[in-house]
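Colleague: I am sharing run-v8.txt, which consists of compact mmCIF, C-alpha atoms and all ligand atoms:
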```txt
# COMPACT_ATOMS: atom_id res chain seq x y z
CA MET A 1 93.96 112.14 141.76
CA GLU A 2 92.13 115.43 142.00
CA GLN A 3 88.91 115.53 139.99
CA LYS A 4 89.17 117.99 137.10
CA SER A 5 86.19 120.00 135.92
CA ILE A 6 84.88 119.46 132.40
CA LYS A 7 86.22 122.90 131.56
CA GLU A 8 89.71 121.88 132.65
CA GLN A 9 89.42 118.56 130.88
CA ILE A 10 88.45 120.21 127.60
CA GLY A 11 91.51 122.43 128.04
CA LEU A 12 93.62 119.29 128.48
CA LEU A 13 92.01 117.66 125.45
CA ILE A 14 92.98 120.67 123.33
CA GLY A 15 96.57 120.20 124.46
CA LEU A 16 96.34 116.47 123.86
CA GLN A 17 94.96 117.03 120.37
CA ALA A 18 98.03 119.15 119.48
CA ILE A 19 100.21 116.19 120.48
CA ASP A 20 97.97 113.56 118.89
CA ALA A 21 97.90 115.45 115.58
CA GLN A 22 101.69 115.12 115.44
CA ILE A 23 101.53 111.47 116.49
CA TYR A 24 98.98 110.85 113.75
CA VAL A 25 101.10 112.43 111.01
CA LEU A 26 104.31 110.71 112.16
CA SER A 27 102.63 107.31 112.56
CA LYS A 28 101.11 107.60 109.12
CA GLU A 29 104.48 108.44 107.63
CA LYS A 30 106.07 105.51 109.43
CA ALA A 31 103.32 103.17 108.28
CA SER A 32 104.01 104.11 104.66
CA MET A 33 107.69 103.15 104.94
CA PRO A 34 107.52 99.35 104.52
CA GLY A 35 105.50 99.86 101.33
CA HIS A 36 108.02 102.40 100.11
CA LEU A 37 110.92 100.02 100.84
CA ARG A 38 109.07 97.22 99.05
CA SER A 39 108.48 99.36 95.98
CA ILE A 40 112.20 100.18 95.82
CA ASP A 41 113.01 96.44 95.91
CA GLU A 42 110.36 95.67 93.32
CA MET A 43 111.69 98.36 90.98
CA LEU A 44 115.19 96.84 91.20
CA GLU A 45 113.84 93.31 90.74
CA LEU A 46 111.97 94.42 87.64
CA LYS A 47 115.13 95.95 86.13
CA LYS A 48 117.09 92.83 87.01
CA THR A 49 114.49 90.70 85.26
CA ASP A 50 114.69 92.93 82.18
CA ILE A 51 118.47 92.53 82.02
CA LYS A 52 118.16 88.77 82.54
CA GLN A 53 115.62 88.64 79.71
CA ALA A 54 117.96 90.59 77.42
CA GLU A 55 120.82 88.22 78.30
CA ASP A 56 118.63 85.20 77.53
CA ASN A 57 117.70 86.73 74.18
CA LEU A 58 121.38 87.35 73.46
CA LYS A 59 122.25 83.74 74.27
CA ASN A 60 119.47 82.61 72.01
CA THR A 61 120.79 84.72 69.13
CA GLN A 62 124.34 83.45 69.77
CA LEU A 63 123.03 79.88 69.51
CA LYS A 64 121.26 80.66 66.26
CA LEU A 65 124.48 82.22 64.93
CA LYS A 66 126.45 79.12 65.88
CA GLU A 67 123.90 76.91 64.13
CA LYS A 68 124.10 79.01 60.96
CA GLU A 69 127.91 79.02 61.05
CA GLY A 70 127.92 75.25 61.52
CA SER A 71 125.54 74.73 58.63
CA LEU A 72 127.54 77.10 56.42
CA GLN A 73 130.74 75.19 57.16
CA GLN A 74 129.02 71.89 56.44
CA LYS A 75 127.71 73.17 53.12
CA GLU A 76 131.11 74.63 52.16
CA GLU A 77 132.63 71.19 52.79
CA GLN A 78 129.87 69.61 50.73
CA ILE A 79 130.68 71.99 47.86
CA LYS A 80 134.37 71.08 48.08
CA LYS A 81 133.49 67.40 48.07
CA LEU A 82 131.20 67.79 45.05
CA GLN A 83 133.78 69.90 43.22
CA GLY A 84 136.32 67.13 43.84
CA GLN A 85 133.94 64.62 42.34
CA LEU A 86 133.20 66.79 39.26
CA TYR A 87 136.27 65.49 37.40
CA THR A 88 135.47 61.87 38.06
CA LEU A 89 132.11 62.12 36.28
CA LYS A 90 131.77 60.33 33.01
CA THR A 91 129.01 62.20 31.15
CA ASN A 92 128.18 65.82 30.44
CA LYS A 93 124.72 65.24 31.88
CA GLU A 94 126.14 64.04 35.19
CA TYR A 95 128.55 66.97 35.15
CA SER A 96 125.92 69.64 34.55
CA THR A 97 123.55 68.07 37.10
CA MET A 98 126.28 68.30 39.72
CA LEU A 99 127.15 71.87 38.74
CA THR A 100 123.50 72.82 39.19
CA GLU A 101 123.56 71.14 42.59
CA ILE A 102 126.67 73.08 43.58
CA GLU A 103 125.12 76.35 42.41
CA GLY A 104 122.02 75.58 44.48
CA ILE A 105 124.11 75.08 47.60
CA LYS A 106 126.00 78.32 46.91
CA VAL A 107 122.69 80.24 46.74
CA ASP A 108 121.66 78.69 50.07
CA ASN A 109 125.01 79.66 51.54
CA SER A 110 124.74 83.29 50.52
CA LEU A 111 121.37 83.43 52.29
CA THR A 112 122.95 81.82 55.34
CA GLU A 113 125.76 84.39 55.21
CA GLU A 114 123.18 87.17 55.24
CA ASP A 115 121.57 85.60 58.30
CA ILE A 116 124.98 85.33 59.96
CA LEU A 117 125.68 89.02 59.37
CA LYS A 118 122.23 89.92 60.68
CA PHE A 119 122.76 87.85 63.85
CA MET A 120 126.24 89.32 64.35
CA ASP A 121 124.75 92.83 64.17
CA GLU A 122 122.01 91.85 66.60
CA ILE A 123 124.55 90.37 69.01
CA GLU A 124 126.79 93.43 68.89
CA PHE A 125 123.82 95.72 69.51
CA ALA A 126 122.46 93.53 72.33
CA LYS A 127 125.86 93.33 74.07
CA LYS A 128 126.23 97.10 73.97
CA LYS A 129 122.71 97.59 75.26
CA ILE A 130 123.14 95.05 78.07
CA SER A 131 126.38 96.61 79.23
CA GLU A 132 124.72 100.06 79.25
CA GLU A 133 121.76 98.66 81.20
CA LYS A 134 124.11 97.05 83.70
CA GLU A 135 125.98 100.31 84.25
CA LEU A 136 122.68 102.10 84.73
CA PHE A 137 121.56 99.40 87.12
CA LYS A 138 124.64 99.91 89.29
CA VAL A 139 123.73 103.60 89.63
CA GLU A 140 120.11 102.76 90.36
CA GLU A 141 121.14 100.19 92.93
CA ALA A 142 123.36 102.74 94.68
CA ASN A 143 120.54 105.30 94.63
CA ALA A 144 118.12 102.72 95.96
CA GLN A 145 120.50 101.95 98.83
CA LYS A 146 120.75 105.67 99.64
CA GLU A 147 116.99 105.90 99.61
CA ARG A 148 116.67 102.86 101.88
CA ASP A 149 119.22 104.34 104.29
CA ASN A 150 117.30 107.62 104.34
CA ILE A 151 114.04 105.84 105.05
CA ASN A 152 115.59 103.80 107.87
CA LEU A 153 117.19 106.90 109.36
CA LYS A 154 113.89 108.76 109.12
CA ALA A 155 112.13 105.81 110.79
CA LYS A 156 114.53 106.07 113.72
CA GLU A 157 113.94 109.81 113.99
CA ILE A 158 110.19 109.23 113.92
CA ASP A 159 110.48 106.57 116.62
CA SER A 160 112.35 108.85 118.97
CA ARG A 161 109.96 111.73 118.22
CA LEU A 162 107.01 109.42 118.85
CA SER A 163 108.37 108.29 122.18
CA GLU A 164 108.82 111.96 123.22
CA LEU A 165 105.27 112.73 122.16
CA ASN A 166 103.88 109.67 123.90
CA GLU A 167 105.66 110.70 127.08
CA LYS A 168 104.06 114.15 126.85
CA ARG A 169 100.75 112.48 126.14
CA ASN A 170 101.09 110.25 129.20
CA ASN A 171 101.62 113.31 131.35
CA ILE A 172 98.28 114.74 130.27
CA ALA A 173 96.01 111.78 129.54
CA PRO A 174 95.65 110.42 133.13
CA SER A 175 94.20 113.76 134.27
CA ILE A 176 91.22 113.32 131.96
CA GLU A 177 88.26 111.19 133.01
CA LYS A 178 88.18 107.75 131.40
CA HIS A 179 84.84 108.14 129.62
CA VAL A 180 85.89 111.56 128.28
CA ILE A 181 89.22 110.42 126.94
CA SER A 182 87.87 107.20 125.50
CA ARG A 183 85.22 109.21 123.65
CA TYR A 184 87.95 111.56 122.41
CA GLU A 185 90.18 108.68 121.32
CA LYS A 186 87.34 106.99 119.46
CA ILE A 187 86.72 110.17 117.45
CA LEU A 188 90.47 110.58 116.93
CA LYS A 189 90.62 107.09 115.43
CA ASN A 190 87.60 107.52 113.20
CA LYS A 191 88.31 111.07 112.06
CA ASP A 192 91.88 110.92 110.77
CA GLY A 193 93.57 112.08 113.95
CA LEU A 194 91.37 115.14 114.39
CA ALA A 195 88.93 114.94 117.31
CA MET A 196 89.04 118.48 118.73
CA VAL A 197 88.04 121.25 116.35
CA HIS A 198 87.62 124.90 117.09
CA ILE A 199 84.80 127.00 115.84
CA GLU A 200 85.74 129.39 113.04
CA ASP A 201 83.31 132.12 111.99
CA GLY A 202 80.43 130.20 113.52
CA SER A 203 81.16 126.95 111.75
CA CYS A 204 82.83 123.65 112.65
CA GLY A 205 86.58 123.71 112.00
CA GLY A 206 86.41 120.05 110.95
CA CYS A 207 83.56 119.86 108.45
CA HIS A 208 82.76 123.60 108.10
CA LEU A 209 79.08 123.13 108.81
CA ASN A 210 77.40 126.25 110.18
CA LEU A 211 76.59 125.77 113.85
CA PRO A 212 73.45 127.04 115.57
CA PRO A 213 74.12 129.93 118.02
CA GLN A 214 72.80 127.74 120.83
CA VAL A 215 75.56 125.16 120.18
CA ILE A 216 78.20 127.88 120.05
CA SER A 217 77.04 129.25 123.42
CA GLU A 218 77.18 125.78 124.95
CA VAL A 219 80.65 125.24 123.56
CA LYS A 220 81.77 128.55 124.98
CA LEU A 221 80.54 127.62 128.45
CA ARG A 222 82.66 124.43 128.46
CA GLU A 223 80.28 122.79 130.91
CA ASP A 224 79.87 119.71 128.76
CA VAL A 225 81.53 117.95 125.85
CA ILE A 226 79.72 119.30 122.78
CA VAL A 227 80.15 117.62 119.41
CA CYS A 228 79.46 118.88 115.90
CA GLY A 229 76.10 117.56 114.75
CA SER A 230 77.56 116.68 111.37
CA CYS A 231 81.11 115.30 111.79
CA LEU A 232 80.74 114.41 115.50
CA ARG A 233 84.07 115.98 116.46
CA ILE A 234 84.38 117.74 119.82
CA LEU A 235 83.96 121.47 119.44
CA TYR A 236 85.82 124.16 121.31
CA ILE A 237 86.23 127.85 121.06
CA ASP A 238 89.31 129.81 122.02
CA ASP A 239 88.71 131.66 125.27
CA ASN A 240 90.00 134.92 123.89
CA VAL A 241 87.67 134.89 120.89
CA GLU A 242 84.52 136.97 121.27
CA ILE A 243 81.27 135.45 120.15
CA SER A 244 78.68 137.75 118.68
ZN ZN A 301 81.87 119.19 112.04
```
Would you write out, as structure tokens, the structure that this file holds?
Ligand SMILES: [Zn+2]
Modeller:
Amino acid sequence: MEQKSIKEQIGLLIGLQAIDAQIYVLSKEKASMPGHLRSIDEMLELKKTDIKQAEDNLKNTQLKLKEKEGSLQQKEEQIKKLQGQLYTLKTNKEYSTMLTEIEGIKVDNSLTEEDILKFMDEIEFAKKKISEEKELFKVEEANAQKERDNINLKAKEIDSRLSELNEKRNNIAPSIEKHVISRYEKILKNKDGLAMVHIEDGSCGGCHLNLPPQVISEVKLREDVIVCGSCLRILYIDDNVEIS
């Protein structure tokens, strides 16, 4: 392969940077996708757990209701039994003692009835809420699926765009000397995909540090790879820009 001058190589690096900037952005977007997909799944799991919890609570309340209903029935039967026995009693004392006992059970029962009504209200409310949550979940699940499909489609688009860009890159990269390109790639990796920066108004386009005129002149000559003293990115200056 024909040996390129540093001037030509810097020109190639500028072209490469334009490609690598796109590769950087697309790769970063692609790298964020698995996390995005995971967070969608986690959000759905969380909602599912909430619904499951509400259903468990409902079951629990239904059990408590059943217990109260059972105990009420038992006590009602006890009252009937005692009332049946009332007329077999021999003394007034026995009679009034049993009446007091029956009254006591009736008071208990009215409290139990209040509990039963309270549990029935709770159950009705919980059932309504659960069915609303389930409907909402169906919508959220469908939306999540749409979102997943979009992400997967976008990932495919990014892949094909990346392979185009890498092909372009491979057409340029071999023309640059190994030590030059490896230096460039190292900066690219360490500086968020930006290794080549042009000089704007006498300062570095990467970190905006003011550059000494001597550095700017050297950059303009393109006889060597000149880096910014602060951010260490490779500096260049557009050929058609006049330097004062
Ligand atoms: Zn800089």
Colleague: With range 176-182 of chain A as the partner and 12 Å as the cut-off, tabulate the residues of range 15-111 of chain A that qualify, each row holding the nearest pair of atoms and their distance in Å to one decimal, using only C-alpha atoms, sorted by chain and rising number, as CSV.
Modeller:
```
residue,atom,partner,partner_atom,distance
A:Gly15,CA,A:Ile176,CA,11.5
A:Leu16,CA,A:Ile181,CA,9.8
A:Gln17,CA,A:Ile181,CA,10.9
```
Colleague: Go ahead and save the picked residues with C-alpha atoms, as an mmCIF file, in the coordinates of the input.
Modeller:
```
data_model
loop_
_atom_site.group_PDB
_atom_site.id
_atom_site.type_symbol
_atom_site.label_atom_id
_atom_site.label_comp_id
_atom_site.auth_asym_id
_atom_site.auth_seq_id
_atom_site.Cartn_x
_atom_site.Cartn_y
_atom_site.Cartn_z
ATOM 1 C CA GLY A 15 96.570 120.200 124.460
ATOM 2 C CA LEU A 16 96.340 116.470 123.860
ATOM 3 C CA GLN A 17 94.960 117.030 120.370
#
```
Colleague: Here is a test: counting only C-alpha atoms, which residue of A:Asp115, A:Val25, A:Gly84, A:Ser163 is nearest to Ser71 in chain A?
Modeller: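 Among the listed residues, the smallest separation from Ser71 in chain A belongs to A:Asp115.
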Colleague: Taking all atoms listed in the file and a cut-off of 10 Å, can you tell me which residues surround ligand ZN 301 (chain A), written as a list of chain:residue names?
Modeller: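 I would give the residues around ligand ZN 301 (chain A) as A:Ala195, A:Met196, A:Val197, A:His198, A:Ile199, A:Ser203, A:Cys204, A:Gly205, A:Gly206, A:Cys207, A:His208, A:Leu209, A:Asn210, A:Leu211, A:Val227, A:Cys228, A:Gly229, A:Ser230, A:Cys231, A:Leu232, A:Arg233, A:Ile234, A:Leu235.
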Colleague: Name all residues at most 8 Å from Leu72 in chain A (count only C-alpha atoms; drop same-chain ones fewer than 4 positions away) and give them as a ChimeraX atom specification.
Modeller: /A:68,76,109,112-113
Colleague: With C-alpha atoms retained, export the selected residues as a PDB file, keeping the file's coordinate frame.
Modeller:
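Full text of out_20.pdb as output:
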```
ATOM      1  CA  LYS A  68     124.100  79.010  60.960  1.00  0.00           C
ATOM      2  CA  GLU A  76     131.110  74.630  52.160  1.00  0.00           C
ATOM      3  CA  ASN A 109     125.010  79.660  51.540  1.00  0.00           C
ATOM      4  CA  THR A 112     122.950  81.820  55.340  1.00  0.00           C
ATOM      5  CA  GLU A 113     125.760  84.390  55.210  1.00  0.00           C
TER       6      GLU A 113
END
```
Colleague: Given the choices A:Asn57, A:Gln85, A:Asp121, A:Gln22, which gets closest to Lys168 in chain A if the distance is worked out from all atoms listed in the file?
Modeller: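 Comparing A:Asn57, A:Gln85, A:Asp121, A:Gln22 against Lys168 in chain A, the winner is A:Gln22.
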Colleague: What's the 10 Å shell around Glu8 in chain A, counting all atoms listed in the file, without same-chain residues fewer than 6 positions away, as an NGL selection string?
Modeller: :A and (14 or 175-176 or 222-223)
Colleague: Check which residues of range 8-39 of chain A sit at most 12 Å from range 183-189 of chain A using only C-alpha atoms, and return one row each with the closest pair of atoms and their distance in Å to one decimal, ordered by chain and rising number, as a tab-separated table.
Modeller:
```
residue	atom	partner	partner_atom	distance
A:Gln9	CA	A:Tyr184	CA	11.1
A:Ile10	CA	A:Tyr184	CA	10.1
A:Leu12	CA	A:Tyr184	CA	11.3
A:Leu13	CA	A:Tyr184	CA	7.9
A:Ile14	CA	A:Tyr184	CA	10.4
A:Leu16	CA	A:Tyr184	CA	9.8
A:Gln17	CA	A:Leu188	CA	8.6
A:Ala18	CA	A:Leu188	CA	11.7
A:Ile19	CA	A:Leu188	CA	11.8
A:Asp20	CA	A:Leu188	CA	8.3
A:Ala21	CA	A:Leu188	CA	9.0
A:Ile23	CA	A:Leu188	CA	11.1
A:Tyr24	CA	A:Leu188	CA	9.1
```
Colleague: Between CA of Glu77 in chain A and CA of Ile105 in chain A, what is the spacing in Å?
Modeller: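 Atom-to-atom, CA of Ile105 in chain A to CA of Glu77 in chain A, that is 10.7 Å.
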Colleague: Mind listing as a ChimeraX atom specification all residues within 12 Å of (110.2, 107.8, 105.9), counting all atoms listed in the file?
Modeller: /A:25-37,147-159
Colleague: When you count all atoms listed in the file, which of these residues is closest to Gln3 in chain A: A:Gln83, A:Pro174, A:Asp56, A:Arg161?
Modeller: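 Closest to Gln3 in chain A of all the choices is A:Pro174.
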Colleague: How many Å lie between CA of Lys4 in chain A and CA of Glu164 in chain A, rounded to one decimal?
Modeller: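 Straight-line distance from CA of Lys4 in chain A to CA of Glu164 in chain A works out to 24.8 Å.
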Colleague: Between CA of Leu65 in chain A and CA of Ile123 in chain A, what is the spacing in Å?
Modeller: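 Separating CA of Ile123 in chain A from CA of Leu65 in chain A is a distance of 9.1 Å.
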